[in-house]
Amino acid sequence: MRLSRRSFISGVAGGVAAGVIGSGSTAGPARAAPATVDNLGSPLRDVLLIGGAVGPGPNGRTVIWSAVSGNPAHLAAVDPVTGKVVSYQPLDGSPGSYAVVVAPDGSVYVGTYDTGSLYRRRPGRHSEIENLSRPLPGEVYIWRLAVDENGIIYGGTALGGKVFSYDPDTGAVRDYGPVLAGNKYVRSIAVMDGKIYAGTLPDAHLIEIDVVSGAMRELPLPADLGPITGVNVYDLNAYDGRVYARFGNATNGRLGIWDVAAQRWSPLLANVTGLDVSEPGPGGLVYYTRNARLTGLNPETGVETDTGLSFSGRIFNNRGIGWVTLADPGWPGRTLVGLLWRGAMFRYNPLTGRSDVTQTDIPGEPVPISCMSVGVNGRLWAGGFLNGGLARIDPDTGASQFNRFSQTESVLDLGDTVWIGVYPDARLYRYDPAAAWSSTEYSPGPPGTPENPVKVVDLKAVDQVRARASTDAGPWVAYGTMPNLVLGGALVIVDKATGASRIHKPVVTEQSIITLTYAGGLLVGGTSIYGAYSVPAPTQTEAALFGFDPVTDTKVFEVVPVPGARQITGLVTDRDGGVWLLAGGQLCAFDLASRAVTRRVGVPNATGRLGYHAASDTFYVLVNDTLLKVSRADLTVTSVLQQSADILAVHPDGRVFLGDGPMVYRVTLP
């Protein structure tokens, strides 16, 4: 599951509160001389497909429809004969979609994430895309869609965990309500024979809903599923009296088949990826990806058939799969076609066994920035959200070198080695910037090229998902994480020389570790009371600051530096070795000896970013689309500029770099 990149509320910054300890501004911030702002463009661009379906295209011939994530997202139609895009239209106002279906009349419906909107494209070569608005006010995600034989559209939502239907003939929306008390996410949905099937996240529940009466009942889960905590019902499909349910996540899971008439489950099949099981094809076989291979299954007998088509890389789940007649003697009868996440198209013909994988010409879209950092030698890095990727940016010219990679959460550039923390599974990679890039998982180099970056740590086994914070700790690199579907992050200490890692969990009870620095021989960490998806609900009420000794592997202290603050979103060490934190609308100096806040000044009370420029002994705070600078000497707060942004990096030469969506801005102060 992926939530919005933007981590704080936009708006105009208000006045600065009075200093509580030590000197601080008692009025609004002073106004600095005008800064120069240069737009460096979008350093990351790639193709990311999620939701997809096969059906009639703009000219009536069958195409593969897919939602291309971007700003905005686009609805693309790909010709399965040529792999060429025959239609490419914006989904104005929305960044992407898991939910694409084709109705019996040929209309294409798209439900989007972040906005919770429903879009429609009616049949026709020149049809426009209609924004049907948000079916359920207050619901920000439409996770998946399904359509019945009458053309009624059904969707599952977040954050209310609801199911709805939309009648295209009347425009009427029916709210079936939450499917389960306390649940926020309907992750998957299918419809068959007058019943809706809804699957939940983060804990697996499968709910059957009567289309007419709205009556709900929870179905039993497979006996061999085991504990359901943190297990999603990620995908659902329903054909011919069977419900195909995949339990797991985007990249792996176990597939079970619920026989509606017999009211029983088949044995679970391991290592199945989504996002869909195909409709039955020749011989009644359905198809999915298992163990990185396209695999057929006879649901009557349970016998699988290997197609011989295999997929490479870390992610190879289909993004739309279905049947098409290609009218080509080399592809007789019905051929199975589909898309992969980076725009490749696969085809398989069950009559001949012929298969291929080709790259389509779906254009890449700008990738939103998830993190930025500047290395010890002045290199600027930007990591990509959702689409992923890593870009090295020339801070003088803005020229960038992009490499396809996972969603990047943190980058720590120590000169000869760059440490990259990524989503999911809170993985940590070691990258040699002087050697050729070659990632077998995402972007392999020429045959024989050594792996670079190299994976050093993977925290899937301890249910961690985001490698949010990292710091240089002398002989070690340390990073802090956010959990997947439980509470409680981890502190990981990696030996630079050997790559050996030590995983400490929990460090602070049921809190994530989102900021780190190294001072006085201690790893100093700041926490958030939330998990990665704010699920489950927090059990703690205040964020903590802790000190951890990497030599003895012991926690030395834990305090609440700002009462009432829920997150410590910034943490830096000044040029004299002092620790400073940003939390609860305050920039605070923290004394390691007394373990207390000694100075503080107010800033707008919202989640913000903190940077530090050693040469001028100045802090930079980005909050509510306002860039502030704070003098360490007297805590004078000065407003530098108003600029829509939520990512901050400070260069050793004093220039400030801001990220806003996919864009990077360079701020030069006079």
# chains A, B, ... in the order shown; residues from 1 in each chain; ligands from 1
>>> residues_around(residues="A:Trp258", least_positions_apart="6", cutoff="12 Å", atoms="only C-alpha atoms", output="list in words")
Tyr197, Leu206, Glu208, Leu219, Pro220, Leu221, Pro222, Ala223, Leu236, Asn237, Ala238, Tyr239, Asp240, Gly241, Arg242, Val243, Tyr244, Ala245, Arg246, Arg264, Trp265, Ser266, Pro267, Leu268 and Pro299 of chain A
>>> select_by_dssp(residues="stretch 222-264 of chain A", states="strand (DSSP E or B)", output="list of chain:residue names")
A:Asn232, A:Val233, A:Tyr234, A:Asp235, A:Leu236, A:Asn237, A:Ala238, A:Tyr239, A:Arg242, A:Val243, A:Tyr244, A:Ala245, A:Arg246, A:Phe247, A:Gly248, A:Gly253, A:Arg254, A:Leu255, A:Gly256, A:Ile257, A:Trp258, A:Asp259, A:Arg264
>>> residues_around(residues="A:Phe548", least_positions_apart="3", cutoff="10 Å", atoms="only C-alpha atoms", output="number ranges by chain")
A: 491, 507, 518, 521-525, 551-558
>>> write_last_selection(atoms="C-alpha atoms", output="PDB file, in the first residue's frame")
ATOM      1  CA  LEU A 491      17.213   0.882  14.537  1.00  0.00           C
ATOM      2  CA  VAL A 507      13.976   0.895  20.708  1.00  0.00           C
ATOM      3  CA  TYR A 518      25.242  11.116  15.521  1.00  0.00           C
ATOM      4  CA  GLY A 521      29.376   8.990  20.413  1.00  0.00           C
ATOM      5  CA  LEU A 522      25.642   8.309  20.482  1.00  0.00           C
ATOM      6  CA  LEU A 523      23.043   7.646  17.858  1.00  0.00           C
ATOM      7  CA  VAL A 524      20.331  10.189  18.615  1.00  0.00           C
ATOM      8  CA  GLY A 525      16.936   9.374  17.151  1.00  0.00           C
ATOM      9  CA  VAL A 551      29.447   0.238  20.950  1.00  0.00           C
ATOM     10  CA  THR A 552      27.507  -1.433  23.754  1.00  0.00           C
ATOM     11  CA  ASP A 553      24.225  -1.808  21.830  1.00  0.00           C
ATOM     12  CA  THR A 554      22.276  -0.181  24.639  1.00  0.00           C
ATOM     13  CA  LYS A 555      19.761   2.619  24.868  1.00  0.00           C
ATOM     14  CA  VAL A 556      21.238   5.331  27.062  1.00  0.00           C
ATOM     15  CA  PHE A 557      18.246   7.626  27.437  1.00  0.00           C
ATOM     16  CA  GLU A 558      14.708   8.299  26.255  1.00  0.00           C
TER      17      GLU A 558
END
>>> closest_residue(among="A:Leu75, A:Val231, A:Ile568, A:Ala649", to="A:Val411", atoms="only C-alpha atoms")
A:Ala649
>>> closest_atom_pairs(of="stretch 28-139 of chain A", to="stretch 179-191 of chain A", cutoff="10 Å", atoms="only C-alpha atoms", output="JSON lines")
{"residue": "A:Tyr98", "atom": "CA", "partner": "A:Ser188", "partner_atom": "CA", "distance": 9.8}
{"residue": "A:Ala99", "atom": "CA", "partner": "A:Ser188", "partner_atom": "CA", "distance": 9.5}
{"residue": "A:Glu139", "atom": "CA", "partner": "A:Lys184", "partner_atom": "CA", "distance": 9.9}
>>> residues_around(residues="stretch 250-255 of chain A", least_positions_apart="4", cutoff="8 Å", atoms="only C-alpha atoms", output="list in words")
Met1, Tyr234, Tyr244, Ala245, Arg246, Leu268, Leu269, Ala270, Asn271, Val272, Thr273, Gly274, Leu275, Arg314, Ile315, Phe316 and Asn317 of chain A
>>> residues_around(residues="A:Thr62", least_positions_apart="4", cutoff="8 Å", atoms="only C-alpha atoms", output="mmCIF file with all heavy atoms, in the first residue's frame")
data_model
loop_
_atom_site.group_PDB
_atom_site.id
_atom_site.type_symbol
_atom_site.label_atom_id
_atom_site.label_comp_id
_atom_site.auth_asym_id
_atom_site.auth_seq_id
_atom_site.Cartn_x
_atom_site.Cartn_y
_atom_site.Cartn_z
ATOM 1 N N VAL A 54 -8.324 -5.220 -20.135
ATOM 2 C CA VAL A 54 -8.368 -5.470 -21.575
ATOM 3 C C VAL A 54 -9.806 -5.304 -22.051
ATOM 4 O O VAL A 54 -10.743 -5.814 -21.427
ATOM 5 C CB VAL A 54 -7.842 -6.883 -21.895
ATOM 6 C CG1 VAL A 54 -7.997 -7.196 -23.380
ATOM 7 C CG2 VAL A 54 -6.378 -7.009 -21.476
ATOM 8 N N GLY A 55 -9.979 -4.565 -23.160
ATOM 9 C CA GLY A 55 -11.319 -4.353 -23.676
ATOM 10 C C GLY A 55 -11.279 -3.550 -24.957
ATOM 11 O O GLY A 55 -10.207 -3.214 -25.474
ATOM 12 N N PRO A 56 -12.446 -3.203 -25.502
ATOM 13 C CA PRO A 56 -12.502 -2.443 -26.748
ATOM 14 C C PRO A 56 -11.781 -1.106 -26.623
ATOM 15 O O PRO A 56 -11.885 -0.426 -25.602
ATOM 16 C CB PRO A 56 -14.004 -2.242 -26.979
ATOM 17 C CG PRO A 56 -14.662 -3.320 -26.185
ATOM 18 C CD PRO A 56 -13.787 -3.549 -24.997
ATOM 19 N N GLY A 57 -11.045 -0.750 -27.678
ATOM 20 C CA GLY A 57 -10.306 0.495 -27.679
ATOM 21 C C GLY A 57 -11.026 1.605 -28.405
ATOM 22 O O GLY A 57 -12.199 1.463 -28.804
ATOM 23 N N ASP A 79 -2.068 -0.980 -28.265
ATOM 24 C CA ASP A 79 -2.426 -1.973 -29.279
ATOM 25 C C ASP A 79 -1.641 -3.254 -29.000
ATOM 26 O O ASP A 79 -0.405 -3.247 -29.030
ATOM 27 C CB ASP A 79 -2.070 -1.428 -30.660
ATOM 28 C CG ASP A 79 -2.533 -2.328 -31.793
ATOM 29 O OD1 ASP A 79 -2.686 -3.549 -31.565
ATOM 30 O OD2 ASP A 79 -2.713 -1.820 -32.917
ATOM 31 N N PRO A 80 -2.312 -4.387 -28.713
ATOM 32 C CA PRO A 80 -1.590 -5.617 -28.399
ATOM 33 C C PRO A 80 -0.882 -6.236 -29.600
ATOM 34 O O PRO A 80 -0.073 -7.147 -29.426
ATOM 35 C CB PRO A 80 -2.690 -6.540 -27.868
ATOM 36 C CG PRO A 80 -3.943 -6.042 -28.507
ATOM 37 C CD PRO A 80 -3.772 -4.560 -28.618
ATOM 38 N N VAL A 324 -7.361 -11.685 -26.216
ATOM 39 C CA VAL A 324 -7.552 -10.927 -27.439
ATOM 40 C C VAL A 324 -7.323 -11.846 -28.633
ATOM 41 O O VAL A 324 -6.516 -12.781 -28.564
ATOM 42 C CB VAL A 324 -6.583 -9.717 -27.497
ATOM 43 C CG1 VAL A 324 -5.141 -10.165 -27.453
ATOM 44 C CG2 VAL A 324 -6.831 -8.853 -28.711
#
>>> residues_around(residues="A:Lys460", least_positions_apart="2", cutoff="9 Å", atoms="only C-alpha atoms", output="list in words")
Pro424, Asp425, Ala426, Arg427, Asp458, Val462, Asp463, Gln464, Val465 and Asn484 of chain A
>>> write_last_selection(atoms="C-alpha atoms", output="mmCIF file, in the first residue's frame")
data_model
loop_
_atom_site.group_PDB
_atom_site.id
_atom_site.type_symbol
_atom_site.label_atom_id
_atom_site.label_comp_id
_atom_site.auth_asym_id
_atom_site.auth_seq_id
_atom_site.Cartn_x
_atom_site.Cartn_y
_atom_site.Cartn_z
ATOM 1 C CA PRO A 424 9.269 -1.649 0.716
ATOM 2 C CA ASP A 425 10.858 -3.916 3.337
ATOM 3 C CA ALA A 426 13.042 -1.051 4.626
ATOM 4 C CA ARG A 427 15.979 -2.278 2.539
ATOM 5 C CA ASP A 458 16.280 -6.429 4.135
ATOM 6 C CA VAL A 462 10.579 -8.051 10.913
ATOM 7 C CA ASP A 463 7.688 -6.244 9.178
ATOM 8 C CA GLN A 464 9.490 -2.973 8.456
ATOM 9 C CA VAL A 465 8.634 -1.009 5.321
ATOM 10 C CA ASN A 484 4.553 -2.120 7.750
#
>>> residues_around(residues="stretch 652-654 of chain A", least_positions_apart="6", cutoff="12 Å", atoms="only C-alpha atoms", output="number ranges by chain")
A: 373-380, 395-396, 611-620, 629, 666-670
>>> write_last_selection(atoms="N, CA, C and O atoms", output="short mmCIF file (atom, residue, chain, number, x, y, z; two decimals), in the first residue's frame")
data_model
loop_
_atom_site.label_atom_id
_atom_site.label_comp_id
_atom_site.auth_asym_id
_atom_site.auth_seq_id
_atom_site.Cartn_x
_atom_site.Cartn_y
_atom_site.Cartn_z
N SER A 373 19.01 14.87 -0.72
CA SER A 373 20.12 15.05 0.21
C SER A 373 21.34 15.52 -0.56
O SER A 373 21.44 15.32 -1.78
N VAL A 374 22.28 16.14 0.17
CA VAL A 374 23.54 16.58 -0.39
C VAL A 374 24.66 15.83 0.32
O VAL A 374 24.67 15.73 1.55
N GLY A 375 25.60 15.29 -0.46
CA GLY A 375 26.70 14.52 0.11
C GLY A 375 27.82 15.39 0.62
O GLY A 375 27.82 16.62 0.46
N VAL A 376 28.81 14.72 1.21
CA VAL A 376 29.93 15.45 1.81
C VAL A 376 30.74 16.21 0.76
O VAL A 376 31.41 17.19 1.07
N ASN A 377 30.68 15.77 -0.49
CA ASN A 377 31.42 16.45 -1.56
C ASN A 377 30.53 17.33 -2.42
O ASN A 377 30.94 17.77 -3.49
N GLY A 378 29.30 17.58 -1.96
CA GLY A 378 28.42 18.51 -2.67
C GLY A 378 27.52 17.90 -3.71
O GLY A 378 26.79 18.63 -4.39
N ARG A 379 27.54 16.57 -3.88
CA ARG A 379 26.63 15.95 -4.84
C ARG A 379 25.19 16.03 -4.32
O ARG A 379 24.93 15.79 -3.14
N LEU A 380 24.26 16.34 -5.20
CA LEU A 380 22.85 16.43 -4.85
C LEU A 380 22.13 15.20 -5.39
O LEU A 380 22.30 14.82 -6.55
N PRO A 395 24.39 20.40 -8.95
CA PRO A 395 23.77 21.55 -8.29
C PRO A 395 23.98 22.86 -9.02
O PRO A 395 23.25 23.83 -8.78
N ASP A 396 24.95 22.92 -9.93
CA ASP A 396 25.22 24.15 -10.67
C ASP A 396 24.38 24.27 -11.93
O ASP A 396 23.83 25.34 -12.22
N GLY A 611 17.11 21.68 8.08
CA GLY A 611 18.45 21.57 7.53
C GLY A 611 19.39 22.51 8.25
O GLY A 611 18.95 23.41 8.98
N TYR A 612 20.70 22.33 8.05
CA TYR A 612 21.68 23.14 8.76
C TYR A 612 22.85 23.45 7.83
O TYR A 612 23.33 22.56 7.11
N HIS A 613 23.30 24.72 7.87
CA HIS A 613 24.47 25.15 7.11
C HIS A 613 25.56 25.53 8.10
O HIS A 613 25.46 26.53 8.82
N ALA A 614 26.62 24.72 8.14
CA ALA A 614 27.65 24.87 9.17
C ALA A 614 28.42 26.17 9.02
O ALA A 614 28.74 26.84 10.01
N ALA A 615 28.78 26.55 7.78
CA ALA A 615 29.64 27.70 7.58
C ALA A 615 29.02 28.98 8.13
O ALA A 615 29.70 29.83 8.72
N SER A 616 27.71 29.14 7.96
CA SER A 616 27.03 30.34 8.46
C SER A 616 26.34 30.10 9.79
O SER A 616 25.73 31.02 10.35
N ASP A 617 26.43 28.86 10.31
CA ASP A 617 25.80 28.49 11.58
C ASP A 617 24.31 28.84 11.58
O ASP A 617 23.79 29.45 12.50
N THR A 618 23.66 28.40 10.49
CA THR A 618 22.26 28.77 10.27
C THR A 618 21.41 27.51 10.04
O THR A 618 21.83 26.60 9.33
N PHE A 619 20.25 27.51 10.65
CA PHE A 619 19.27 26.45 10.40
C PHE A 619 18.29 26.92 9.33
O PHE A 619 17.96 28.11 9.24
N TYR A 620 17.80 25.96 8.55
CA TYR A 620 16.72 26.23 7.60
C TYR A 620 15.55 25.33 7.95
O TYR A 620 15.72 24.12 8.18
N LYS A 629 14.89 30.84 7.90
CA LYS A 629 16.23 30.59 8.39
C LYS A 629 16.31 31.10 9.82
O LYS A 629 15.68 32.11 10.18
N ARG A 666 16.27 25.55 -6.83
CA ARG A 666 17.49 25.98 -6.16
C ARG A 666 17.27 27.40 -5.64
O ARG A 666 16.87 28.30 -6.38
N VAL A 667 17.54 27.58 -4.35
CA VAL A 667 17.36 28.88 -3.71
C VAL A 667 18.74 29.42 -3.33
O VAL A 667 19.47 28.80 -2.56
N THR A 668 19.10 30.56 -3.90
CA THR A 668 20.37 31.21 -3.60
C THR A 668 20.09 32.48 -2.83
O THR A 668 19.38 33.37 -3.31
N LEU A 669 20.64 32.57 -1.62
CA LEU A 669 20.41 33.73 -0.78
C LEU A 669 21.47 34.78 -1.04
O LEU A 669 22.63 34.44 -1.28
N PRO A 670 21.10 36.06 -0.98
CA PRO A 670 22.10 37.11 -1.21
C PRO A 670 23.13 37.14 -0.08
O PRO A 670 22.86 36.70 1.03
#
>>> atom_distance(atom1="atom CA of A:Gln586", atom2="atom CA of A:Val621")
10.4 Å
>>> closest_residue(among="A:Ala77, A:Phe164, A:Ile196, A:Thr541", to="A:Leu118", atoms="only C-alpha atoms")
A:Phe164
>>> closest_residue(among="A:Ser69, A:Ser631, A:Ser512, A:Thr305", to="A:Val286", atoms="only C-alpha atoms")
A:Thr305
>>> closest_residue(among="A:Lys195, A:Arg319, A:Arg293, A:Arg354", to="A:Pro332", atoms="only C-alpha atoms")
A:Arg354
>>> atom_distance(atom1="atom CA of A:Gly577", atom2="atom CA of A:Ala473")
13.0 Å
>>> closest_residue(among="A:Arg174, A:Thr440, A:Asp203, A:Ser355", to="A:Ser312", atoms="only C-alpha atoms")
A:Thr440
>>> atom_distance(atom1="atom CA of A:Trp341", atom2="atom CA of A:Ile369")
18.8 Å
>>> closest_residue(among="A:Gly313, A:Ser117, A:Val163, A:Ala172", to="A:Asp210", atoms="only C-alpha atoms")
A:Val163
>>> closest_atom_pairs(of="stretch 123-237 of chain A", to="stretch 104-110 of chain A", cutoff="7 Å", atoms="only C-alpha atoms", output="CSV")
residue,atom,partner,partner_atom,distance
A:Pro123,CA,A:Ser107,CA,5.4
A:Glu149,CA,A:Pro104,CA,6.8
A:Gly151,CA,A:Pro104,CA,5.9
